[in-house]
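Below is one structure, written out as structure tokens; comments come after it.
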2 protein chains.
Amino acid sequence: MTYRIAVIVGSLRQDSHNLRLARALMHMGAADFSFEQLRIDDLPLFNQDEESQPCAAVQRFKGALKAAQGVLFVTPEYNRSIPGVLKNAIDQGSRPYGDSAWTGKPAGVIGVSIGAIGTAMAQQHLRNVLVFLNMPTLAQPEAFLQAKEGLFDADGSLGAASRGFVQTWLDSYQGWVRQHSSAR
Amino acid sequence: MTYRIAVIVGSLRQDSHNLRLARALMHMGAADFSFEQLRIDDLPLFNQDEESQPCAAVQRFKGALKAAQGVLFVTPEYNRSIPGVLKNAIDQGSRPYGDSAWTGKPAGVIGVSIGAIGTAMAQQHLRNVLVFLNMPTLAQPEAFLQAKEGLFDADGSLGAASRGFVQTWLDSYQGWVRQHSSAR
């Protein structure tokens, strides 16, 4: 079988470091994995009054999540927490009560920032949320990347200094998905 | 002088418990306080590519924050964290770098939920963010309210069981604002 992974990038910036990281990761997967980035920029701000009649963008987002065998979060840190745009997508996917699209999907969390802590606090807040969503989430290795000269090569792939570590991380996540998806 | 407080409600639901709480609070203030709820439903999802040319809604939101002497957050908890819609407003108000509208504004955090923990985890995540934004935030008393029968009276004011506690909380917040606004 092929494990389909929904990739969610927590930044809407066109030249986002995390978008670049996500694209690099999507080319590093094993033969039995496929990756698809899901749009979150077209989701409206969550309003519980609308949850029983979700718009087309929310329906598409939730449908793609439900069809996936895992979810890979690639996110910056905004103000020491999860970007609002990402949290809004999480809220949209989680509702209405009893129809969350996240339940049970094995998750991976990775991020890159120009700061030295490499999105660590955003990742911790995100992990708190993923517990509530009942998503088994890869613990180790953790990946807190710093955007330095040479992180990416000219062709968009990861530079030599980080490639091995990120490959190990991705291999671990893929093993996690194989372990937790087959049980369902 | 009059202390103007910007009130931000973390739910867009029309019949939101937190909106009702905010409205009740706005009638319980001292004579030297005025309260204005700021819209956050019209703010676009934050995109750093747009931050140097913010839209009218973002400009209005930041202008109202800058004119305020304090910020009162009245918020539900979504998925054990800050609602995405509220975090998005925080992100919008914080950017671009060097032009945050939040800096130094004395903050209060309160929330109500139908669950027993009364938004405690959302409040903790929010407090983490407020540290980064350099907003002095009232510590005690904390206020974790549970939406039970009788929390509000028919006229929208707080019922007898909670009114005294919430008045004490608001008095403490107002004292905090007087203390921290006058220094600026």
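All residue names refer to the structure tokens as shown: chains lettered A, B, ... in order, residues numbered from 1 in each chain, ligands numbered from 1 in order.
Look at A:Asp99: the protein and nucleic acid residues within 12 Å of it, using only C-alpha atoms and passing over chain neighbours fewer than 3 places away, are Glu51, Ser52, Gln59, Lys62, Gly63, Leu65, Lys66, Asp91, Gln92, Gly93, Ser94, Arg95, Pro96, Trp102, Thr103 and Leu133 of chain A.
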Could those residues be written to a file, using C-alpha atoms, as a CSV table (one decimal), in the first residue's frame?
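And here is the file that came out, result.csv:
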```csv
chain,number,residue,atom,x,y,z
A,51,GLU,CA,-20.0,24.4,11.5
A,52,SER,CA,-23.1,22.5,10.6
A,59,GLN,CA,-15.3,20.3,3.2
A,62,LYS,CA,-11.6,17.8,5.9
A,63,GLY,CA,-12.0,15.3,3.1
A,65,LEU,CA,-7.5,14.9,5.9
A,66,LYS,CA,-9.8,11.9,6.2
A,91,ASP,CA,-10.0,24.2,14.6
A,92,GLN,CA,-11.9,23.9,11.3
A,93,GLY,CA,-10.8,20.2,10.9
A,94,SER,CA,-11.8,19.3,14.4
A,95,ARG,CA,-15.5,20.3,14.2
A,96,PRO,CA,-18.3,19.7,14.5
A,102,TRP,CA,-7.8,14.5,12.8
A,103,THR,CA,-8.7,11.5,15.1
A,133,LEU,CA,-7.2,15.5,19.0
```
Determine which residues of chain B DSSP labels as alpha helix (DSSP H) from the backbone of this structure, then write them out as a ChimeraX atom specification. /B:17-26,56-67,84-94,120-132,160-181
Counting only C-alpha atoms, which residues in chain A sit no more than 12 Å from chain B? For each one, give the nearest pair of atoms and the distance in Å, sorted by chain then residue number, as CSV.
```
residue,atom,partner,partner_atom,distance
A:Gly10,CA,B:Asn47,CA,10.2
A:Ser11,CA,B:Asn47,CA,7.1
A:Leu12,CA,B:Asn47,CA,5.2
A:Arg13,CA,B:Gln48,CA,5.6
A:Gln14,CA,B:Asp49,CA,7.2
A:Asp15,CA,B:Asp49,CA,8.7
A:Ser16,CA,B:Gln48,CA,9.1
A:Ile40,CA,B:Leu45,CA,9.5
A:Asp41,CA,B:Leu45,CA,7.1
A:Asp42,CA,B:Leu45,CA,8.9
A:Leu43,CA,B:Leu45,CA,8.8
A:Pro44,CA,B:Leu45,CA,8.3
A:Leu45,CA,B:Val85,CA,5.7
A:Phe46,CA,B:Val85,CA,6.5
A:Asn47,CA,B:Leu12,CA,5.2
A:Gln48,CA,B:Arg13,CA,5.5
A:Asp49,CA,B:Arg13,CA,5.6
A:Glu50,CA,B:Arg13,CA,8.7
A:Glu51,CA,B:Arg13,CA,10.3
A:Pro76,CA,B:Gln48,CA,11.7
A:Glu77,CA,B:Asp91,CA,10.5
A:Tyr78,CA,B:Asp91,CA,6.9
A:Asn79,CA,B:Val129,CA,5.7
A:Arg80,CA,B:Val129,CA,5.7
A:Ser81,CA,B:Val129,CA,6.5
A:Ile82,CA,B:Lys87,CA,8.0
A:Pro83,CA,B:Lys87,CA,7.0
A:Gly84,CA,B:Asn88,CA,3.9
A:Val85,CA,B:Leu45,CA,5.7
A:Leu86,CA,B:Gly84,CA,7.2
A:Lys87,CA,B:Gly84,CA,4.4
A:Asn88,CA,B:Gly84,CA,3.9
A:Ala89,CA,B:Gly84,CA,7.6
A:Ile90,CA,B:Gly84,CA,7.9
A:Asp91,CA,B:Gly84,CA,6.7
A:Gln92,CA,B:Gly84,CA,9.1
A:Gly93,CA,B:Asn79,CA,10.8
A:Ser94,CA,B:Asn79,CA,8.0
A:Arg95,CA,B:Asn79,CA,10.0
A:Pro96,CA,B:Tyr78,CA,11.9
A:Tyr97,CA,B:Asn79,CA,11.0
A:Ser100,CA,B:Asn79,CA,10.9
A:Trp102,CA,B:Asn79,CA,11.4
A:Met121,CA,B:Asn128,CA,9.1
A:Ala122,CA,B:His125,CA,10.0
A:Gln124,CA,B:His125,CA,10.0
A:His125,CA,B:His125,CA,7.1
A:Leu126,CA,B:Ser81,CA,8.6
A:Arg127,CA,B:Arg80,CA,10.2
A:Asn128,CA,B:Arg80,CA,7.0
A:Val129,CA,B:Arg80,CA,5.7
A:Leu130,CA,B:Asn79,CA,8.3
A:Val131,CA,B:Arg80,CA,8.8
A:Phe132,CA,B:Asn79,CA,6.1
A:Leu133,CA,B:Asn79,CA,7.1
A:Asn134,CA,B:Asn79,CA,10.5
```
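Our summary of the geometry notes that atom CA of A:Glu142 is positioned 12.1 Å from atom CA of A:Ile117.
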What are the DSSP strand (DSSP E) residues of stretch 92-124 of chain B, as a CSV table (one decimal) with N, CA and C atoms, in the first residue's frame?
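What landed in out22.csv:
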```csv
chain,number,residue,atom,x,y,z
B,107,ALA,N,-2.7,43.5,30.5
B,107,ALA,CA,-3.7,42.5,30.0
B,107,ALA,C,-4.4,41.8,31.2
B,108,GLY,N,-5.6,41.4,30.9
B,108,GLY,CA,-6.4,40.5,31.7
B,108,GLY,C,-6.9,39.4,30.9
B,109,VAL,N,-6.9,38.2,31.5
B,109,VAL,CA,-7.3,37.0,30.8
B,109,VAL,C,-8.4,36.3,31.6
B,110,ILE,N,-9.6,36.1,30.9
B,110,ILE,CA,-10.7,35.4,31.6
B,110,ILE,C,-11.4,34.6,30.5
B,111,GLY,N,-12.1,33.6,31.0
B,111,GLY,CA,-12.8,32.7,30.0
B,111,GLY,C,-13.9,31.9,30.7
B,112,VAL,N,-14.8,31.4,29.9
B,112,VAL,CA,-15.9,30.5,30.3
B,112,VAL,C,-16.0,29.4,29.3
B,113,SER,N,-16.3,28.2,29.9
B,113,SER,CA,-16.5,27.1,29.0
B,113,SER,C,-17.5,26.2,29.6
```
Please list as a ChimeraX atom specification every residue within 7 Å of stretch 22-36 of chain B, counting only C-alpha atoms and excluding residues in the same chain fewer than 6 positions away. /B:1-7,74,156-158,167
Restrict the selected residues to N, CA and C atoms and save them as a PDB file, in the first residue's frame.
```
ATOM      1  N   MET B   1      -8.524  60.897  34.512  1.00  0.00           N
ATOM      2  CA  MET B   1      -8.504  60.337  33.162  1.00  0.00           C
ATOM      3  C   MET B   1      -9.396  59.095  33.073  1.00  0.00           C
ATOM      4  N   THR B   2      -9.711  58.725  31.855  1.00  0.00           N
ATOM      5  CA  THR B   2     -10.449  57.486  31.626  1.00  0.00           C
ATOM      6  C   THR B   2      -9.520  56.456  30.991  1.00  0.00           C
ATOM      7  N   TYR B   3      -9.521  55.271  31.566  1.00  0.00           N
ATOM      8  CA  TYR B   3      -8.747  54.166  30.992  1.00  0.00           C
ATOM      9  C   TYR B   3      -9.614  53.455  29.953  1.00  0.00           C
ATOM     10  N   ARG B   4      -9.156  53.486  28.723  1.00  0.00           N
ATOM     11  CA  ARG B   4      -9.904  52.784  27.664  1.00  0.00           C
ATOM     12  C   ARG B   4      -9.365  51.365  27.533  1.00  0.00           C
ATOM     13  N   ILE B   5     -10.252  50.409  27.630  1.00  0.00           N
ATOM     14  CA  ILE B   5      -9.866  48.999  27.565  1.00  0.00           C
ATOM     15  C   ILE B   5     -10.412  48.379  26.282  1.00  0.00           C
ATOM     16  N   ALA B   6      -9.512  47.799  25.494  1.00  0.00           N
ATOM     17  CA  ALA B   6      -9.917  47.046  24.304  1.00  0.00           C
ATOM     18  C   ALA B   6     -10.301  45.639  24.747  1.00  0.00           C
ATOM     19  N   VAL B   7     -11.523  45.239  24.428  1.00  0.00           N
ATOM     20  CA  VAL B   7     -12.026  43.922  24.812  1.00  0.00           C
ATOM     21  C   VAL B   7     -12.011  43.029  23.573  1.00  0.00           C
ATOM     22  N   VAL B  74     -11.255  37.788  26.578  1.00  0.00           N
ATOM     23  CA  VAL B  74     -12.345  36.947  27.078  1.00  0.00           C
ATOM     24  C   VAL B  74     -12.498  35.822  26.062  1.00  0.00           C
ATOM     25  N   GLY B 156     -28.808  39.442  31.175  1.00  0.00           N
ATOM     26  CA  GLY B 156     -27.435  39.353  30.675  1.00  0.00           C
ATOM     27  C   GLY B 156     -26.371  39.631  31.718  1.00  0.00           C
ATOM     28  N   SER B 157     -26.786  40.113  32.869  1.00  0.00           N
ATOM     29  CA  SER B 157     -25.788  40.338  33.925  1.00  0.00           C
ATOM     30  C   SER B 157     -25.436  39.004  34.585  1.00  0.00           C
ATOM     31  N   LEU B 158     -24.347  38.987  35.321  1.00  0.00           N
ATOM     32  CA  LEU B 158     -23.938  37.751  35.973  1.00  0.00           C
ATOM     33  C   LEU B 158     -24.879  37.395  37.111  1.00  0.00           C
ATOM     34  N   GLN B 167     -16.685  40.391  39.968  1.00  0.00           N
ATOM     35  CA  GLN B 167     -16.446  41.805  40.303  1.00  0.00           C
ATOM     36  C   GLN B 167     -15.077  41.977  40.960  1.00  0.00           C
TER      37      GLN B 167
END
```
Neighbours of B:Trp169 within 9 Å (only C-alpha atoms; same-chain residues fewer than 6 positions away dropped), as a VMD selection string? chain B and resid 140 to 143
Let's have the selection written as a PDB file, in the first residue's frame, with N, CA, C and O atoms.
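Wrote it out as out28.pdb, contents follow:
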```
ATOM      1  N   GLN B 140      -3.053  36.973  39.705  1.00  0.00           N
ATOM      2  CA  GLN B 140      -4.156  36.542  40.579  1.00  0.00           C
ATOM      3  C   GLN B 140      -5.103  37.704  40.842  1.00  0.00           C
ATOM      4  O   GLN B 140      -4.646  38.842  40.953  1.00  0.00           O
ATOM      5  N   PRO B 141      -6.382  37.418  40.969  1.00  0.00           N
ATOM      6  CA  PRO B 141      -7.013  36.099  40.878  1.00  0.00           C
ATOM      7  C   PRO B 141      -7.103  35.606  39.435  1.00  0.00           C
ATOM      8  O   PRO B 141      -7.250  36.409  38.520  1.00  0.00           O
ATOM      9  N   GLU B 142      -6.966  34.299  39.261  1.00  0.00           N
ATOM     10  CA  GLU B 142      -7.284  33.691  37.981  1.00  0.00           C
ATOM     11  C   GLU B 142      -8.792  33.473  37.914  1.00  0.00           C
ATOM     12  O   GLU B 142      -9.448  33.360  38.944  1.00  0.00           O
ATOM     13  N   ALA B 143      -9.321  33.371  36.676  1.00  0.00           N
ATOM     14  CA  ALA B 143     -10.780  33.214  36.536  1.00  0.00           C
ATOM     15  C   ALA B 143     -11.084  32.159  35.482  1.00  0.00           C
ATOM     16  O   ALA B 143     -10.930  32.395  34.289  1.00  0.00           O
TER      17      ALA B 143
END
```
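Note that the spacing between atom CA of B:Val71 and atom CA of B:Leu19 amounts to 15.1 Å.
The shortest atom-to-atom distance to A:Phe165, with only C-alpha atoms taken into account, belongs to A:Leu151 out of A:Leu151, A:Ile114, A:Ala120, A:Lys105.
Here atom CA of A:Leu138 stands at a distance of 12.6 Å from atom CA of A:Gly104.
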Would you list the contacts of A:Phe152 as a ChimeraX atom specification, taking every protein, DNA or RNA residue within 10 Å and counting only C-alpha atoms, but skipping same-chain residues closer than 2 positions in sequence? /A:17,20-21,24,147-150,154-163
